[in-house]
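Student: Contents of coords.cif (mmCIF, C-alpha atoms):
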```
data_final
loop_
_atom_site.label_atom_id
_atom_site.label_comp_id
_atom_site.auth_asym_id
_atom_site.auth_seq_id
_atom_site.Cartn_x
_atom_site.Cartn_y
_atom_site.Cartn_z
CA MET A 1 0.00 0.00 0.00
CA ILE A 2 2.87 2.39 0.87
CA ALA A 3 4.63 1.47 -2.38
CA GLY A 4 1.43 2.22 -4.26
CA LEU A 5 1.09 5.61 -2.57
CA ALA A 6 4.65 6.47 -3.61
CA PHE A 7 3.62 6.15 -7.26
CA LEU A 8 0.54 8.38 -6.99
CA PRO A 9 2.30 11.71 -7.75
CA ALA A 10 3.94 10.27 -10.88
CA LEU A 11 0.62 8.80 -12.02
CA GLY A 12 -1.09 12.15 -11.47
CA GLU A 13 1.51 13.96 -13.59
CA ALA A 14 1.25 11.40 -16.37
CA ILE A 15 -2.50 11.89 -16.55
CA TYR A 16 -2.46 15.69 -16.18
CA PHE A 17 0.29 16.35 -18.71
CA ARG A 18 -0.66 13.77 -21.34
CA ASP A 19 -2.13 16.39 -23.69
CA LYS A 20 0.09 19.30 -22.70
CA ILE A 21 3.04 18.43 -24.89
CA SER A 22 2.56 20.67 -27.94
CA TRP A 23 4.03 18.27 -30.48
CA ARG A 24 1.53 15.66 -29.37
CA SER A 25 -1.50 17.95 -29.76
CA PRO A 26 -4.13 15.97 -31.62
CA ILE A 27 -4.84 16.47 -35.33
CA PRO A 28 -8.34 15.55 -36.50
CA PRO A 29 -8.28 12.09 -38.13
CA SER A 30 -9.81 13.62 -41.27
CA GLU A 31 -6.59 15.61 -41.74
CA MET A 32 -4.14 12.72 -41.22
CA VAL A 33 -3.15 10.04 -43.68
CA THR A 34 -0.93 6.99 -43.38
CA VAL A 35 1.86 6.15 -45.83
CA ASP A 36 -0.17 3.28 -47.26
CA GLN A 37 -3.24 5.47 -47.79
CA ALA A 38 -1.16 8.21 -49.41
CA ARG A 39 0.58 5.77 -51.74
CA ALA A 40 -2.78 4.43 -52.88
CA TRP A 41 -3.63 7.90 -54.21
CA ARG A 42 -0.79 7.60 -56.78
CA GLU A 43 -0.85 10.41 -59.38
CA SER A 44 -3.76 12.19 -57.74
CA ALA A 45 -1.45 13.16 -54.86
CA ILE A 46 1.09 15.99 -54.59
CA TRP A 47 3.74 15.39 -51.92
CA ILE A 48 5.07 18.39 -50.02
CA ASP A 49 8.25 18.27 -47.98
CA ALA A 50 8.02 20.76 -45.09
CA ARG A 51 11.57 20.13 -43.83
CA PRO A 52 14.43 22.66 -44.14
CA ASP A 53 16.18 22.95 -47.53
CA GLU A 54 19.26 20.87 -46.56
CA GLU A 55 17.16 17.92 -45.44
CA PHE A 56 15.11 18.04 -48.64
CA ALA A 57 18.29 18.21 -50.74
CA ARG A 58 19.71 15.16 -48.95
CA ASP A 59 16.73 12.95 -49.72
CA HIS A 60 12.98 13.22 -50.13
CA VAL A 61 9.93 11.39 -51.39
CA PRO A 62 10.39 11.08 -55.19
CA GLY A 63 8.53 13.89 -56.92
CA ALA A 64 7.95 15.83 -53.69
CA ILE A 65 7.99 19.62 -53.77
CA SER A 66 9.83 21.56 -51.08
CA LEU A 67 7.61 24.01 -49.19
CA ASN A 68 8.84 25.11 -45.78
CA GLU A 69 8.24 28.15 -43.61
CA ASP A 70 11.88 29.25 -43.89
CA HIS A 71 11.26 30.27 -47.52
CA TRP A 72 7.47 30.19 -47.73
CA ASN A 73 7.17 33.29 -49.92
CA THR A 74 9.53 32.00 -52.62
CA LEU A 75 8.52 28.32 -52.52
CA LEU A 76 4.73 28.76 -52.44
CA PRO A 77 4.37 30.05 -56.02
CA GLN A 78 6.26 27.01 -57.33
CA PHE A 79 3.89 24.68 -55.53
CA LEU A 80 0.77 26.60 -56.57
CA ALA A 81 1.90 26.48 -60.21
CA THR A 82 1.60 22.68 -60.17
CA TRP A 83 -1.47 22.33 -57.92
CA SER A 84 -4.97 21.68 -59.23
CA PRO A 85 -8.24 21.24 -57.27
CA GLU A 86 -8.61 17.51 -57.89
CA LYS A 87 -5.21 16.75 -56.34
CA LYS A 88 -4.77 15.58 -52.75
CA VAL A 89 -1.92 17.37 -50.99
CA ILE A 90 0.19 15.32 -48.56
CA VAL A 91 2.53 17.27 -46.30
CA TYR A 92 5.31 15.59 -44.35
CA CYS A 93 8.21 16.59 -42.12
CA SER A 94 10.80 14.52 -40.33
CA SER A 95 8.85 12.48 -37.80
CA LEU A 96 5.88 12.15 -35.47
CA SER A 97 7.35 14.76 -33.11
CA CYS A 98 7.88 17.39 -35.80
CA ASN A 99 5.03 19.87 -36.28
CA ALA A 100 6.34 21.68 -39.39
CA SER A 101 4.01 19.63 -41.60
CA ARG A 102 1.02 20.67 -39.48
CA GLU A 103 2.01 24.32 -39.80
CA VAL A 104 2.45 24.11 -43.57
CA ALA A 105 -0.87 22.26 -43.91
CA ARG A 106 -2.60 24.86 -41.72
CA ARG A 107 -1.26 27.73 -43.84
CA LEU A 108 -2.30 26.05 -47.08
CA ARG A 109 -5.83 25.58 -45.74
CA LYS A 110 -6.15 29.02 -44.14
CA GLU A 111 -4.11 31.36 -46.34
CA ALA A 112 -4.39 29.71 -49.74
CA GLN A 113 -7.80 28.18 -48.85
CA LEU A 114 -6.92 24.83 -50.40
CA GLN A 115 -9.06 21.77 -49.80
CA ASN A 116 -7.83 18.16 -49.47
CA VAL A 117 -4.67 18.92 -47.53
CA PHE A 118 -3.40 16.09 -45.33
CA VAL A 119 -0.54 15.53 -42.91
CA LEU A 120 1.46 12.31 -43.28
CA GLU A 121 1.36 10.27 -40.09
CA GLY A 122 4.89 9.56 -38.87
CA GLY A 123 6.45 11.79 -41.53
CA TRP A 124 9.65 11.05 -43.41
CA GLU A 125 10.73 8.43 -40.85
CA GLU A 126 7.58 6.42 -41.46
CA TRP A 127 7.93 6.74 -45.23
CA LEU A 128 11.49 5.40 -45.00
CA LYS A 129 10.34 2.40 -42.95
CA LYS A 130 7.67 1.56 -45.50
CA ARG A 131 10.05 2.08 -48.41
CA LYS A 132 12.02 -1.02 -47.40
CA MET N 133 7.04 -10.13 9.96
CA LYS N 134 10.10 -10.59 7.71
CA THR N 135 7.90 -9.83 4.65
CA HIS N 136 6.52 -6.76 6.36
CA ARG N 137 10.01 -5.42 7.11
CA PHE N 138 11.10 -6.14 3.56
CA ILE N 139 8.20 -4.11 2.12
CA VAL N 140 8.85 -1.19 4.46
CA ALA N 141 12.59 -1.23 3.62
CA LEU N 142 11.86 -1.39 -0.11
CA THR N 143 9.39 1.51 0.07
CA LEU N 144 11.76 3.63 2.15
CA SER N 145 14.63 2.99 -0.23
CA MET N 146 12.44 3.99 -3.20
CA LEU N 147 11.41 7.20 -1.44
CA LEU N 148 14.98 7.99 -0.44
CA SER N 149 16.29 7.34 -3.92
CA ALA N 150 13.60 9.62 -5.29
CA ILE N 151 14.81 12.40 -2.99
CA ALA N 152 18.51 11.80 -3.63
CA ARG N 153 18.19 11.24 -7.42
CA ALA N 154 20.04 13.56 -9.75
CA ASP N 155 17.54 15.82 -11.44
CA LEU N 156 17.78 19.24 -13.10
CA LYS N 157 15.53 22.01 -11.86
CA TRP N 158 14.41 24.33 -14.68
CA ASP N 159 13.53 28.02 -14.16
CA GLN N 160 11.04 27.72 -17.03
CA THR N 161 10.30 24.96 -19.52
CA THR N 162 8.24 27.25 -21.77
CA ILE N 163 9.61 30.62 -22.83
CA GLU N 164 7.67 33.14 -24.89
CA VAL N 165 9.72 35.40 -27.18
CA ARG N 166 8.19 38.42 -28.91
CA THR N 167 10.13 39.22 -32.06
CA GLY N 168 10.52 42.53 -33.84
CA PRO N 169 9.69 43.07 -37.53
CA ASN N 170 13.35 42.85 -38.58
CA ASP N 171 14.42 39.95 -36.35
CA GLN N 172 15.72 36.83 -38.09
CA MET N 173 15.91 34.61 -35.01
CA ALA N 174 13.85 34.06 -31.86
CA VAL N 175 16.23 33.21 -29.01
CA ALA N 176 15.32 31.60 -25.67
CA HIS N 177 17.61 30.86 -22.70
CA PHE N 178 16.45 27.85 -20.70
CA LYS N 179 18.19 28.07 -17.31
CA TYR N 180 18.67 25.06 -15.06
CA GLN N 181 20.32 24.03 -11.84
CA ASN N 182 21.39 20.69 -10.40
CA PRO N 183 20.05 20.69 -6.81
CA GLY N 184 21.03 17.05 -6.26
CA THR N 185 24.10 15.42 -4.80
CA THR N 186 25.27 13.61 -7.93
CA PRO N 187 26.25 14.97 -11.37
CA VAL N 188 23.66 14.98 -14.16
CA ARG N 189 24.84 14.12 -17.65
CA PHE N 190 22.96 15.20 -20.78
CA LYS N 191 22.21 12.17 -22.91
CA GLU N 192 20.52 13.98 -25.79
CA VAL N 193 19.22 17.49 -26.52
CA LYS N 194 17.09 17.28 -29.64
CA PRO N 195 14.90 19.92 -31.30
CA ALA N 196 11.74 18.55 -32.92
CA CYS N 197 12.22 20.76 -35.97
CA GLY N 198 15.20 21.50 -38.22
CA CYS N 199 14.25 25.17 -37.92
CA THR N 200 15.49 25.23 -34.30
CA THR N 201 19.12 24.92 -33.19
CA VAL N 202 20.32 24.37 -29.63
CA GLN N 203 23.53 25.16 -27.80
CA THR N 204 24.47 23.51 -24.52
CA GLN N 205 27.20 24.87 -22.26
CA GLN N 206 28.24 21.59 -20.71
CA ASP N 207 27.83 17.82 -21.12
CA GLU N 208 27.66 17.21 -17.39
CA VAL N 209 26.25 19.41 -14.62
CA PRO N 210 28.02 19.02 -11.26
CA PRO N 211 25.91 19.09 -8.06
CA GLY N 212 24.82 22.63 -7.17
CA GLU N 213 25.91 24.07 -10.52
CA LYS N 214 23.79 26.16 -12.89
CA GLY N 215 23.75 26.46 -16.66
CA GLU N 216 21.54 27.13 -19.64
CA ILE N 217 20.49 25.71 -22.98
CA ILE N 218 20.10 28.33 -25.69
CA ALA N 219 17.47 27.64 -28.35
CA ARG N 220 17.37 29.61 -31.61
CA LEU N 221 14.37 29.46 -33.92
CA ASN N 222 14.93 30.65 -37.49
CA ILE N 223 12.01 32.98 -38.26
CA GLY N 224 12.28 32.86 -42.06
CA ASP N 225 8.83 33.52 -43.48
CA ARG N 226 6.99 32.31 -40.38
CA THR N 227 4.13 34.36 -39.00
CA GLY N 228 1.97 34.41 -35.88
CA VAL N 229 2.58 32.19 -32.86
CA GLN N 230 5.18 29.45 -33.43
CA GLU N 231 5.76 26.74 -30.79
CA LYS N 232 8.82 24.55 -31.21
CA THR N 233 9.95 21.90 -28.75
CA ILE N 234 13.30 20.56 -27.63
CA SER N 235 13.59 17.18 -25.87
CA VAL N 236 16.25 17.04 -23.18
CA ALA N 237 17.18 13.55 -22.02
CA THR N 238 19.43 13.14 -19.01
CA GLU N 239 20.96 10.01 -17.55
CA ASP N 240 18.40 9.92 -14.83
CA PRO N 241 15.37 7.68 -14.84
CA LEU N 242 12.87 10.00 -13.13
CA PRO N 243 12.04 11.98 -15.26
CA ALA N 244 14.12 10.82 -18.17
CA THR N 245 13.08 13.54 -20.62
CA THR N 246 12.13 17.17 -20.19
CA VAL N 247 10.40 18.97 -23.04
CA LEU N 248 11.37 22.61 -23.46
CA THR N 249 9.16 24.86 -25.58
CA ILE N 250 10.13 28.07 -27.32
CA LYS N 251 7.01 30.06 -28.18
CA ALA N 252 7.82 32.79 -30.68
CA VAL N 253 5.23 35.52 -31.27
CA ILE N 254 6.01 36.89 -34.73
CA PRO N 255 4.16 40.08 -35.73
CA VAL N 256 1.67 39.84 -38.60
CA PRO N 257 1.09 43.44 -39.66
CA LEU N 258 -1.40 42.76 -42.43
CA GLU N 259 -3.85 39.88 -42.92
CA VAL N 260 -4.33 39.03 -46.59
CA GLU N 261 -6.94 36.34 -47.19
CA PRO N 262 -6.82 34.35 -49.29
CA THR N 263 -3.29 34.54 -50.69
CA PHE N 264 -4.28 32.43 -53.69
CA LEU N 265 -7.14 32.86 -56.12
CA PHE N 266 -7.85 30.49 -58.97
CA TRP N 267 -10.36 29.97 -61.74
CA GLN N 268 -10.88 26.62 -63.43
CA ASN N 269 -10.62 26.33 -67.19
CA GLY N 270 -14.00 27.33 -68.65
CA GLU N 271 -15.32 28.78 -65.40
CA ALA N 272 -17.07 32.16 -65.70
CA PRO N 273 -14.34 34.81 -65.28
CA LYS N 274 -16.18 36.56 -62.44
CA PRO N 275 -14.30 38.74 -59.94
CA LYS N 276 -13.09 37.10 -56.76
CA THR N 277 -12.22 38.92 -53.56
CA ILE N 278 -9.19 39.21 -51.34
CA THR N 279 -9.71 40.89 -47.97
CA VAL N 280 -6.89 42.93 -46.48
CA LYS N 281 -6.96 43.94 -42.81
CA THR N 282 -4.43 45.63 -40.57
CA THR N 283 -3.70 44.02 -37.22
CA LYS N 284 -2.53 45.48 -33.91
CA ASP N 285 1.03 44.91 -35.15
CA TRP N 286 0.57 47.61 -37.79
CA LYS N 287 1.42 50.82 -35.95
CA PHE N 288 -0.16 53.55 -38.07
CA PRO N 289 -3.47 53.87 -40.00
CA ILE N 290 -3.56 52.90 -43.68
CA ARG N 291 -5.60 55.27 -45.83
CA ALA N 292 -5.07 53.48 -49.12
CA LEU N 293 -3.60 50.36 -50.73
CA LYS N 294 -1.63 50.20 -53.95
CA VAL N 295 -2.34 46.97 -55.80
CA SER N 296 -0.63 45.86 -59.00
CA SER N 297 -0.71 42.66 -61.01
CA SER N 298 2.35 41.25 -62.76
CA SER N 299 0.18 40.45 -65.79
CA TRP N 300 -2.42 42.33 -67.81
CA ASP N 301 -4.39 39.08 -67.81
CA PHE N 302 -5.67 39.94 -64.34
CA GLN N 303 -7.25 43.26 -63.39
CA SER N 304 -7.82 44.45 -59.84
CA LYS N 305 -9.91 47.07 -58.06
CA VAL N 306 -9.52 48.19 -54.43
CA GLU N 307 -12.37 49.29 -52.15
CA LYS N 308 -11.96 50.55 -48.59
CA THR N 309 -14.49 48.84 -46.32
CA GLY N 310 -13.51 50.24 -42.92
CA ASP N 311 -10.64 51.45 -40.75
CA GLY N 312 -7.63 49.55 -42.00
CA GLN N 313 -9.89 47.17 -43.98
CA PHE N 314 -10.00 46.74 -47.74
CA LYS N 315 -11.54 44.50 -50.40
CA VAL N 316 -9.50 43.76 -53.52
CA GLN N 317 -11.58 42.43 -56.41
CA VAL N 318 -9.57 40.48 -58.99
CA GLN N 319 -10.83 39.37 -62.38
CA PRO N 320 -9.11 37.41 -65.17
CA SER N 321 -9.51 38.46 -68.80
CA GLY N 322 -10.78 34.95 -69.57
CA THR N 323 -10.50 31.33 -68.51
CA GLY N 324 -9.86 29.64 -71.82
CA ARG N 325 -6.13 29.21 -71.29
CA ALA N 326 -3.65 28.79 -68.48
CA MET N 327 -2.58 32.07 -66.90
CA ALA N 328 -0.72 33.04 -63.77
CA ALA N 329 0.28 36.26 -62.05
CA THR N 330 1.39 37.75 -58.76
CA LEU N 331 -0.68 40.46 -57.13
CA THR N 332 1.47 42.87 -55.12
CA ILE N 333 -0.24 44.76 -52.31
CA THR N 334 1.53 47.77 -50.79
CA PRO N 335 0.02 49.92 -48.03
CA GLU N 336 0.28 53.64 -48.74
CA ASP N 337 3.41 55.27 -47.30
CA SER N 338 5.04 51.93 -46.71
CA THR N 339 7.74 49.95 -48.45
CA LYS N 340 6.39 46.64 -47.10
CA THR N 341 4.78 44.51 -49.77
CA PHE N 342 2.47 41.52 -49.52
CA GLU N 343 1.65 39.13 -52.31
CA ALA N 344 -1.16 36.93 -53.54
CA MET N 345 -0.94 34.36 -56.34
CA LEU N 346 -3.48 34.28 -59.17
CA ARG N 347 -4.08 31.44 -61.59
CA VAL N 348 -6.35 30.19 -64.29
CA ILE N 349 -5.90 26.43 -64.11
CA ALA N 350 -5.12 24.78 -67.41
CA PRO N 351 -7.04 21.87 -68.81
CA MET N 352 -5.17 18.55 -68.45
CA GLY N 353 -2.30 18.23 -70.93
CA ASN N 354 -1.49 21.92 -70.82
CA PRO N 355 2.26 22.67 -70.47
CA LEU N 356 1.74 24.71 -67.29
CA GLU N 357 -0.28 21.93 -65.67
CA ASN N 358 2.31 19.25 -66.32
CA ALA N 359 5.44 21.33 -65.95
CA SER N 360 8.08 20.58 -63.38
CA SER N 361 8.49 23.26 -60.74
CA ALA N 362 11.45 24.75 -62.63
CA GLN N 363 9.48 24.96 -65.86
CA SER N 364 6.50 26.38 -64.02
CA GLU N 365 8.72 29.07 -62.57
CA GLU N 366 9.81 30.01 -66.08
CA LEU N 367 6.22 30.11 -67.25
CA LEU N 368 5.33 32.31 -64.27
CA LYS N 369 8.29 34.65 -64.68
CA ASN N 370 7.21 38.24 -64.73
CA PRO N 371 8.93 40.07 -67.64
CA PHE N 372 8.09 43.36 -65.92
CA ASP N 373 9.58 42.33 -62.59
CA GLY N 374 10.59 45.48 -60.73
CA LYS N 375 9.56 47.76 -63.60
CA ASP N 376 6.39 49.70 -64.34
CA LEU N 377 3.81 47.84 -66.38
CA PRO N 378 3.64 49.12 -69.98
CA VAL N 379 0.63 51.16 -71.06
CA PRO N 380 -1.63 49.01 -73.27
CA PRO N 381 -1.88 50.11 -76.90
CA PRO N 382 -4.95 52.14 -77.84
CA GLU N 383 -7.80 50.04 -79.27
#
```
As structure tokens, please, write out the structure in this file.

Tutor:
Amino acid sequence: MIAGLAFLPALGEAIYFRDKISWRSPIPPSEMVTVDQARAWRESAIWIDARPDEEFARDHVPGAISLNEDHWNTLLPQFLATWSPEKKVIVYCSSLSCNASREVARRLRKEAQLQNVFVLEGGWEEWLKKRK
Amino acid sequence: MKTHRFIVALTLSMLLSAIARADLKWDQTTIEVRTGPNDQMAVAHFKYQNPGTTPVRFKEVKPACGCTTVQTQQDEVPPGEKGEIIARLNIGDRTGVQEKTISVATEDPLPATTVLTIKAVIPVPLEVEPTFLFWQNGEAPKPKTITVKTTKDWKFPIRALKVSSSSWDFQSKVEKTGDGQFKVQVQPSGTGRAMAATLTITPEDSTKTFEAMLRVIAPMGNPLENASSAQSEELLKNPFDGKDLPVPPPE
């Protein structure tokens, strides 16, 4: 019983803080897509890489377009030139803990008022795992 | 009796180890940074102290985003010593409130990881919505509207907006709708072919410019539709970039 009491404060913190970590803030399921789902969309999908330029240059999903917030104003026109309304836009960044893809997706929905914009669950790390 | 003593001893040792464990004490784990209009970085200093009796070693200090860099002063923090981790967020073209996290793992089981958050508040002087207007091939070329509003980050009243398009294919008209509020109506000359332009919006008496993209989307098979991003850029290139638009010839 005493041992159990000793764990109560830790249990309380785990419950109280479970949603307080910003990179774990929930995204609506309708805005998330898995690698398998995204792949099934084939040519009707446009892939957007929200990572910094150096990471994109090192490697990226084949055919992906770089669009990050470091150079939003110069990269956005290039993306918009290839977008069309019937396309599904998939945005990814490095991993589950990265929120750059969420920010890019949010700006595309709010500022450019695009529909069918999704965030890739697990990001680049997940895509690499599934690539093998 | 022996079992009872064993349980008490085990519990006491767990409690004592919890008290004596090495653990960093942070002044703040979330720091808000308000940036100025010309700042390129948001910088936060996360200060810590080791109040324990054993050294604490940093196992990993990892930002969640490539846009944030971190600098640690030491790999190991002796008992009683203080230090700080400096986080720098590259502002780039970011706007509004940006929250970026850094995971700090120490060689200490309870807690193993602390999450630091840098919350940058980047001023947004003008809200332009939307920043992209498009018409589909064959759609009626009716005017569409962009709303422009000043925010509290814009320090003086705007009486007028100057709006110019990089292409004669799109015409624009500005209407003031309230204090610091405007409607910009944009209309393409037609929707039978692919067209693209940049609309530049400049508040009166200011050198700051804001842009919106305009497009008539090509039918499938059109060069603009299927172009690579480099080719699209060429197709979108404004021949009058930085110069006054020519006066159209008389009809």

Student: Would you write out, as JSON lines, a table of all residues in chain A that have an atom no more than 7 Å from an atom of chain N, listing for each the closest atom pair and the distance in Å to one decimal, considering all atoms listed in the file and ordering rows by chain and rising residue number?

Tutor:
```
{"residue": "A:Ile2", "atom": "CA", "partner": "N:Thr143", "partner_atom": "CA", "distance": 6.6}
{"residue": "A:Ala3", "atom": "CA", "partner": "N:Thr143", "partner_atom": "CA", "distance": 5.4}
{"residue": "A:Arg51", "atom": "CA", "partner": "N:Gly198", "partner_atom": "CA", "distance": 6.8}
{"residue": "A:Pro52", "atom": "CA", "partner": "N:Gly198", "partner_atom": "CA", "distance": 6.1}
{"residue": "A:Glu69", "atom": "CA", "partner": "N:Asp225", "partner_atom": "CA", "distance": 5.4}
{"residue": "A:Asp70", "atom": "CA", "partner": "N:Gly224", "partner_atom": "CA", "distance": 4.1}
{"residue": "A:His71", "atom": "CA", "partner": "N:Asp225", "partner_atom": "CA", "distance": 5.7}
{"residue": "A:Trp72", "atom": "CA", "partner": "N:Asp225", "partner_atom": "CA", "distance": 5.6}
{"residue": "A:Asn73", "atom": "CA", "partner": "N:Asp225", "partner_atom": "CA", "distance": 6.7}
{"residue": "A:Pro77", "atom": "CA", "partner": "N:Met345", "partner_atom": "CA", "distance": 6.8}
{"residue": "A:Gln78", "atom": "CA", "partner": "N:Ser361", "partner_atom": "CA", "distance": 5.5}
{"residue": "A:Ala81", "atom": "CA", "partner": "N:Ser364", "partner_atom": "CA", "distance": 6.0}
{"residue": "A:Thr82", "atom": "CA", "partner": "N:Glu357", "partner_atom": "CA", "distance": 5.9}
{"residue": "A:Ser84", "atom": "CA", "partner": "N:Ile349", "partner_atom": "CA", "distance": 6.9}
{"residue": "A:Ser97", "atom": "CA", "partner": "N:Ala196", "partner_atom": "CA", "distance": 5.8}
{"residue": "A:Cys98", "atom": "CA", "partner": "N:Ala196", "partner_atom": "CA", "distance": 5.0}
{"residue": "A:Ala100", "atom": "CA", "partner": "N:Cys197", "partner_atom": "CA", "distance": 6.9}
{"residue": "A:Glu111", "atom": "CA", "partner": "N:Pro262", "partner_atom": "CA", "distance": 5.0}
{"residue": "A:Ala112", "atom": "CA", "partner": "N:Phe264", "partner_atom": "CA", "distance": 4.8}
{"residue": "A:Gln113", "atom": "CA", "partner": "N:Pro262", "partner_atom": "CA", "distance": 6.3}
```

Student: Choose the residue, out of A:Arg106, A:Arg131, A:Lys88, A:His60, that has the smallest atom-to-atom separation from Ile46 of chain A; count only C-alpha atoms.

Tutor: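 That would be A:Lys88, the residue with the smallest distance to Ile46 of chain A.
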
Student: One decimal, Å: what's the distance from atom CA of Val91 of chain A over to atom CA of Thr74 of chain A, could you say?

Tutor: 17.5 Å

Student: Have a look at atom CA of Pro335 of chain N and atom CA of Asp311 of chain N and let me know their distance in Å, one decimal.

Tutor: 13.0 Å

Student: Can you translate the PyMOL selection byres ((chain A and resi 87) around 12) into the concrete residues it hits in this file, as number ranges by chain?

Tutor: A: 38, 41-47, 80, 82-86, 88-90, 114-118; N: 357

Student: Can you measure atom CA of Gly168 of chain N to atom CA of Pro255 of chain N for me? One decimal in Å is fine.

Tutor: 7.1 Å

Student: Identify the residues around (-11.4, 41.7, -59.0) within a radius of 8 Å, measuring from all atoms listed in the file in the coordinates stated by the file, and give them as JSON, numbers by chain.

Tutor: {"N": [274, 275, 276, 277, 303, 304, 305, 316, 317, 318, 319, 320]}

Student: Would you kindly return, as a list of chain:residue names, each protein, DNA or RNA residue with an atom no farther than 10 Å from any atom of Pro210 of chain N, considering all atoms listed in the file and excluding same-chain residues fewer than 4 positions away?

Tutor: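 That gives N:Ala154, N:Gln181, N:Asn182, N:Pro183, N:Gly184, N:Thr185, N:Thr186, N:Pro187, N:Val188, N:Arg189, N:Gln206, N:Lys214.
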
Student: Taking 4 positions as the minimum chain separation for residues in the same chain, which residues sit within 7 Å of Thr201 of chain N when counting all atoms listed in the file? Answer as a list in words.

Tutor: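 Answer for this query is Pro195, Ala219, Arg220 and Leu221 of chain N.
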
Student: Generate the output file for the selected residues, C-alpha atoms, as a compact mmCIF listing (two decimals), keeping the file's coordinate frame.

Tutor:
```
# COMPACT_ATOMS: atom_id res chain seq x y z
CA PRO N 195 14.90 19.92 -31.30
CA ALA N 219 17.47 27.64 -28.35
CA ARG N 220 17.37 29.61 -31.61
CA LEU N 221 14.37 29.46 -33.92
```
